[in-house]
Amino acid sequence: MTPPPAPAVARTVRPPGPLVIEIEGVTKLYKMGSETIHALLGVALKIHRNEYLAIMGPSGSGKSTLMNMLGCLDTPTAGRYEFNGKHVAAMSDDELAEIRNKEIGFVFQTFNLLPRSTALANVELPLIYAGYAAHERRARAIEALENVGLGNRMHHKPNELSGGQRQRVAIARALVNRPSIILADEPTGNLDSRTGVEIMELFEQLYDQGNTMIVVTHEEDIARHARRIVRLRDGLIESDRPAGD
Amino acid sequence: MQRILYEISESFRIAFAQIRANKMRSVLTALGVIIGIVAVTLMGTAINGIDRGFQNSLAMLGDDVLYVQKWPWGPVEDWWNYQNRPIIRPEQADRLNQIIEDTPGSLLEVAAPVAGRGASVKAGANQINGVTVFGTTGNYARMMSADFKDGRLFNDAEAAGGRQVCVLGFDVAEALFPAVSPLDQTVLIRGQPFTVIGVLAKQGSFLGLFSFDSQVIMPLNAYRKYFGLSTNSAQLRVKVRDKNRMDEAKEELIGAMRRVRGQLPGERDNFSINQQQAFREQLEPVKSGIALAGLFITGLSLFVGAIGIMNITFVSVKERTKEIGTRKALGARRRTILLQFLIEAVSICLIGGAVGLSLTFGLCLLLQATMPSLPVVFSFNLVIVSMIVAVATGIVSGFAPAWGASRLDPVVALRYE
Ligand SMILES: Nc1ncnc2c1ncn2[C@@H]1O[C@H](COP(=O)(O)OP(=O)(O)O)[C@@H](O)[C@H]1O
Ligand SMILES: [Mg+2]
């Protein structure tokens with residue numbers, strides 16, 4: 001891949017692949033004592049492979065709730081969710097764990113690395129849960145770390161790494177099992193703007209390598225990197241259109 | 001299958017990293033388990049020791065010998081019924097042997113009378129007090145449970161002739177003849193010279209009550225001469241041919257003894273037949289009672305240790321709630337999380353168990369060296385059992401917190417700060 005001269009224009013747009021995610025009428029209620037909070041109010045969304053999607057909206061609009069739903073961490077109060085054509089509601093706990101392990105790569109705002117494990121051990125973790133043998137885990141974790149530019153920091157622990165490097169480790173960890181989609185919730189929220197830009201450049205590169213990306217953010221600058229922007233407000237989809245429109 | 005092995009090895013890695021990261025807390029928690037394991041295993045060695053002493057003591061009675069006595073072994077309520085029984089006389093052994101001989105296919109082999117008294121025994125300047133002196137016949141050799149260290153028992157001819165010969169118990173021989181072989185030496189009993197013709201091997205004490213090594217055996221006729229038999233009840237020991245048919249043999253012996261003692265039909269037996277089995281039945285509940293009470297009391301300290309483990313595992317789960325959420329997001333199943341925290345609890349218990357067991361082993365060596373009379377026996381079984389106990393403690397005490405961790409909602413866990 002050759003880097004594009006100006007990131008905002010001349011970006012690759014890969015043709016959409018098969019349908020990965022389909023939700024319809026998804027509602028999520030939280031009961032807080034006598035009060036009921038409607039985090040999501042009947043959301044419908046289709047996401048295909050090869051998409052680069054940004055979910056935007058003000059704080060409290062339901063972005064993280066939707067994200068957890070898409071990532072099979074949470075189940076909707078009502079509505080239908082199909083992942084790769086399978087009903088998520090019908091899945092057992094173990095099947096959900098399996099999907100999170102093999103099909104979804106999470107990137108968190110707070111990195112969520114295991115503090116006492118090296119970068120390499122952190123990246124190996126999903127491979128342990130997937131049942132790979134030690135030598136294979138190691139080889140794939142090294143490859144993933146090199147891919148995010150951390151080949152020389154493999155044996156460092158999180159507290160020996162900068163914020164940007166920590167997030168790169170987390171991204172390597174999300175990628176290492178070659179998931180169908182990458183889900184990133186405010187991935188630059190805890191980073192300074194310069195490092196944030198670097199991470200978004202890395203996302204661009206990952207997209208070009210063939211990954212399907214979903215990024216949650218409330219910053220327009222970050223959302224601009226995506227090819228499609230879904231805007232949420234008060235638990236409803238306000239708009240859903242290609243970026244730049 | 002592969003996968004669960006990786007998860008287990010990963011769990012052990014995490015557990016040890018966790019223990020290393022929280023050294024002080026792990027040491028304190030393990031201390032509770034160590035104390036518990038030391039208490040339980042020390043009690044175990046004591047129970048082992050008591051049991052071994054018990055078995056040894058019973059073996060001294062012989063498992064193929066019936067004892068004809070005035071009193072039964074074990075407590076009686078209507079003691080007056082026994083008090084008035086005519087005493088057992090040594091001559092009754094001869095009558096009994098006659099009947100045994102005349103009975104074709106008898107289950108009994110031979111009977112020997114045994115009478116005993118306390119006395120002191122002297123040899124030169126050495127004297128030993130509180131020795132039990134037994135008088136018996138040559139037949140006694142056929143039912144003795146003790147081995148001879150040296151020499152032999154007197155034979156029938158020597159016994160009948162009332163020869164002044166004797167056999168010394170191990171301790172008596174040691175005390176009187178520390179430097180020379182006792183054989184053919186002379187000892188003084190009641191002022192009378194007896195020639196030593198045998199020395200018994202060491203037997204130990206009977207249930208810690210009296211020593212079988214502090215005895216002297218002499219021919220009954222000599223005993224009669226110097227100790228008398230008129231007021232004192234003797235006992236008859238009867239060897240049985242087949243120890244698998246003890247009950248039938250006992251029935252036969254009862255019939256024979258009734259004839260010997262001229263009892264009328266319908267009359268109650270005026271003697272008791274005792275045997276090792278009866279003793280065992282008397283003592284077995286006492287022994288298991290002691291064992292149960294001891295294990296219960298020491299088990300309480302292990303229980304306290306287990307509560308410590310449970311507590312620390314709850315703390316560990318709480319501290320790492322966010323980590324649990326992350327692991328679940330990365331594909332950890334409930335089982336994985338459950339295993340992780342169970343193995344953490346078990347690891348501390350295993351370390352505590354190993355340290356505790358080593359301490360117990362050291363303490364046992366120390367006790368055996370300083371107080372050899374204490375019944376402590378350290379066995380390989382004890383190692384296995386206490387390691388199983390340690391693992392079980394870890395599983396039982398770690399289960400509730402680990403189960404809670406495994407059921408955590410991933411979203412709730414991820415949000416936890
Ligand atoms: N576990 C929860 N319990 C109660 N209310 C919640 C919970 N999670 C989210 N909410 C509420 O749901 C709404 C949407 O939250 P969230 O999806 O986190 O918004 P965003 O990520 O867009 O800031 C908010 O009003 C929030 O307070
Ligand atoms: Mg959010």
# chains A, B, ... in the order shown; residues from 1 in each chain; ligands from 1
>>> residues_near_ligand(ligand="ligand 2", cutoff="10 Å", atoms="only C-alpha atoms and all ligand atoms", output="number ranges by chain")
A: 57-68, 109, 185-186, 189, 216-218
>>> residues_around(residues="segment 130-135 of chain A", least_positions_apart="5", cutoff="12 Å", atoms="only C-alpha atoms", output="count of residues only")
33
>>> closest_atom_pairs(of="chain B", to="chain A", cutoff="12 Å", atoms="only C-alpha atoms", output="tab-separated table")
residue	atom	partner	partner_atom	distance
B:Met1	CA	A:Gly131	CA	8.7
B:Gln2	CA	A:Gly131	CA	6.4
B:Arg3	CA	A:Gly131	CA	4.2
B:Ile4	CA	A:Gly131	CA	7.7
B:Leu5	CA	A:Gly131	CA	8.7
B:Tyr6	CA	A:Ile128	CA	6.3
B:Glu7	CA	A:Ile128	CA	6.7
B:Ile8	CA	A:Ile128	CA	10.1
B:Ser9	CA	A:Ile128	CA	9.9
B:Glu10	CA	A:Ile128	CA	7.9
B:Ser11	CA	A:Ile128	CA	10.7
B:Arg13	CA	A:Ser117	CA	10.5
B:Ile14	CA	A:Ser117	CA	9.1
B:Ala15	CA	A:Arg116	CA	11.8
B:Phe16	CA	A:Arg116	CA	11.6
B:Ala17	CA	A:Arg116	CA	7.9
B:Gln18	CA	A:Arg116	CA	8.7
B:Ile19	CA	A:Arg116	CA	11.9
B:Arg20	CA	A:Arg116	CA	10.7
B:Ala21	CA	A:Arg116	CA	8.5
B:Asn22	CA	A:Arg116	CA	11.8
B:Arg320	CA	A:Leu114	CA	9.7
B:Thr321	CA	A:Asn112	CA	11.5
B:Lys322	CA	A:Asn112	CA	7.9
B:Glu323	CA	A:Leu114	CA	6.8
B:Ile324	CA	A:Leu114	CA	10.0
B:Gly325	CA	A:Asn112	CA	9.2
B:Thr326	CA	A:Asn112	CA	6.4
B:Arg327	CA	A:Leu125	CA	8.2
B:Lys328	CA	A:Ala97	CA	6.8
B:Ala329	CA	A:Arg100	CA	6.1
B:Leu330	CA	A:Asn101	CA	5.2
B:Gly331	CA	A:Asn101	CA	3.9
B:Ala332	CA	A:Tyr129	CA	5.9
B:Arg333	CA	A:Ala97	CA	5.6
B:Arg334	CA	A:Asp94	CA	7.4
B:Arg335	CA	A:Asp94	CA	8.9
B:Thr336	CA	A:Tyr129	CA	8.2
B:Ile337	CA	A:Tyr129	CA	10.9
B:Ser406	CA	A:Asp93	CA	10.9
B:Arg407	CA	A:Asp93	CA	9.9
B:Leu408	CA	A:Leu73	CA	11.3
B:Asp409	CA	A:Asp74	CA	8.2
B:Pro410	CA	A:Leu73	CA	6.0
B:Val411	CA	A:Leu73	CA	6.1
B:Val412	CA	A:Asp74	CA	9.4
B:Ala413	CA	A:Leu73	CA	10.5
B:Leu414	CA	A:Asn112	CA	8.8
B:Arg415	CA	A:Thr110	CA	10.6
B:Tyr416	CA	A:Asn112	CA	11.7
B:Glu417	CA	A:Thr110	CA	11.1
>>> write_last_selection(atoms="C-alpha atoms", output="mmCIF file, in the first residue's frame")
data_model
loop_
_atom_site.group_PDB
_atom_site.id
_atom_site.type_symbol
_atom_site.label_atom_id
_atom_site.label_comp_id
_atom_site.auth_asym_id
_atom_site.auth_seq_id
_atom_site.Cartn_x
_atom_site.Cartn_y
_atom_site.Cartn_z
ATOM 1 C CA MET B 1 -9.520 -30.626 25.420
ATOM 2 C CA GLN B 2 -6.313 -28.936 24.301
ATOM 3 C CA ARG B 3 -7.962 -25.691 25.099
ATOM 4 C CA ILE B 4 -8.821 -26.493 28.682
ATOM 5 C CA LEU B 5 -5.220 -27.597 29.275
ATOM 6 C CA TYR B 6 -3.980 -24.240 27.984
ATOM 7 C CA GLU B 7 -6.514 -22.492 30.173
ATOM 8 C CA ILE B 8 -5.356 -24.454 33.215
ATOM 9 C CA SER B 9 -1.676 -23.784 32.604
ATOM 10 C CA GLU B 10 -2.481 -20.125 31.971
ATOM 11 C CA SER B 11 -4.469 -20.081 35.211
ATOM 12 C CA ARG B 13 0.730 -18.836 35.559
ATOM 13 C CA ILE B 14 -1.709 -16.086 36.554
ATOM 14 C CA ALA B 15 -2.099 -17.543 40.039
ATOM 15 C CA PHE B 16 1.625 -17.533 40.722
ATOM 16 C CA ALA B 17 2.049 -14.071 39.213
ATOM 17 C CA GLN B 18 -0.780 -12.934 41.463
ATOM 18 C CA ILE B 19 0.765 -14.539 44.552
ATOM 19 C CA ARG B 20 4.107 -12.934 43.753
ATOM 20 C CA ALA B 21 2.496 -9.548 43.194
ATOM 21 C CA ASN B 22 0.699 -9.711 46.569
ATOM 22 C CA ARG B 320 -9.937 -7.529 39.215
ATOM 23 C CA THR B 321 -13.531 -7.071 38.178
ATOM 24 C CA LYS B 322 -12.503 -4.960 35.223
ATOM 25 C CA GLU B 323 -9.925 -7.545 34.221
ATOM 26 C CA ILE B 324 -12.660 -10.209 34.333
ATOM 27 C CA GLY B 325 -14.750 -8.035 32.004
ATOM 28 C CA THR B 326 -11.807 -7.641 29.637
ATOM 29 C CA ARG B 327 -11.137 -11.363 29.628
ATOM 30 C CA LYS B 328 -14.773 -12.078 28.853
ATOM 31 C CA ALA B 329 -14.690 -9.547 26.004
ATOM 32 C CA LEU B 330 -11.662 -11.394 24.630
ATOM 33 C CA GLY B 331 -13.481 -14.723 24.675
ATOM 34 C CA ALA B 332 -13.031 -16.183 28.158
ATOM 35 C CA ARG B 333 -15.905 -18.490 28.993
ATOM 36 C CA ARG B 334 -17.493 -18.783 32.410
ATOM 37 C CA ARG B 335 -15.557 -21.973 32.921
ATOM 38 C CA THR B 336 -12.297 -20.157 32.179
ATOM 39 C CA ILE B 337 -12.917 -17.512 34.825
ATOM 40 C CA SER B 406 -17.649 -16.459 36.397
ATOM 41 C CA ARG B 407 -21.266 -15.237 36.429
ATOM 42 C CA LEU B 408 -20.368 -11.531 36.225
ATOM 43 C CA ASP B 409 -22.098 -9.677 33.416
ATOM 44 C CA PRO B 410 -19.283 -8.627 31.063
ATOM 45 C CA VAL B 411 -20.685 -5.135 30.543
ATOM 46 C CA VAL B 412 -21.091 -4.521 34.269
ATOM 47 C CA ALA B 413 -17.585 -5.878 34.899
ATOM 48 C CA LEU B 414 -16.071 -3.678 32.177
ATOM 49 C CA ARG B 415 -17.712 -0.571 33.612
ATOM 50 C CA TYR B 416 -16.422 -1.357 37.132
ATOM 51 C CA GLU B 417 -13.835 1.125 38.375
#
>>> residues_around(residues="segment 380-386 of chain B", least_positions_apart="6", cutoff="8 Å", atoms="only C-alpha atoms", output="VMD selection string")
chain B and resid 37 41 44 to 45 353 357
>>> residues_around(residues="Phe134 of chain B", least_positions_apart="3", cutoff="8 Å", atoms="only C-alpha atoms", output="list in words")
Val114, Ala115, Gly116, Arg117, Gln215, Val216, Ile217, Met218, Leu220 and Tyr223 of chain B
>>> write_last_selection(atoms="C-alpha atoms", output="CSV table (one decimal), in the first residue's frame")
chain,number,residue,atom,x,y,z
B,114,VAL,CA,-0.9,-68.9,83.4
B,115,ALA,CA,-0.7,-67.3,86.9
B,116,GLY,CA,1.0,-64.1,87.6
B,117,ARG,CA,2.2,-61.8,90.3
B,215,GLN,CA,8.1,-60.0,82.7
B,216,VAL,CA,9.7,-63.2,83.8
B,217,ILE,CA,8.3,-66.6,83.0
B,218,MET,CA,8.9,-69.6,85.2
B,220,LEU,CA,4.2,-73.3,87.2
B,223,TYR,CA,5.7,-70.5,90.9
>>> closest_residue(among="A:Gly164, A:Gly151, A:Gly235, A:Gly244", to="Val43 of chain A", atoms="only C-alpha atoms")
A:Gly235
>>> select_by_dssp(residues="segment 9-143 of chain A", states="strand (DSSP E or B)", output="PyMOL selection string")
chain A and resi 19-32+35-48+52-56+78-83+86-87+104-107
>>> atom_distance(atom1="atom 13 (C, counted along the ligand's line) of ligand 1", atom2="atom CA of Glu35 of chain A")
12.6 Å
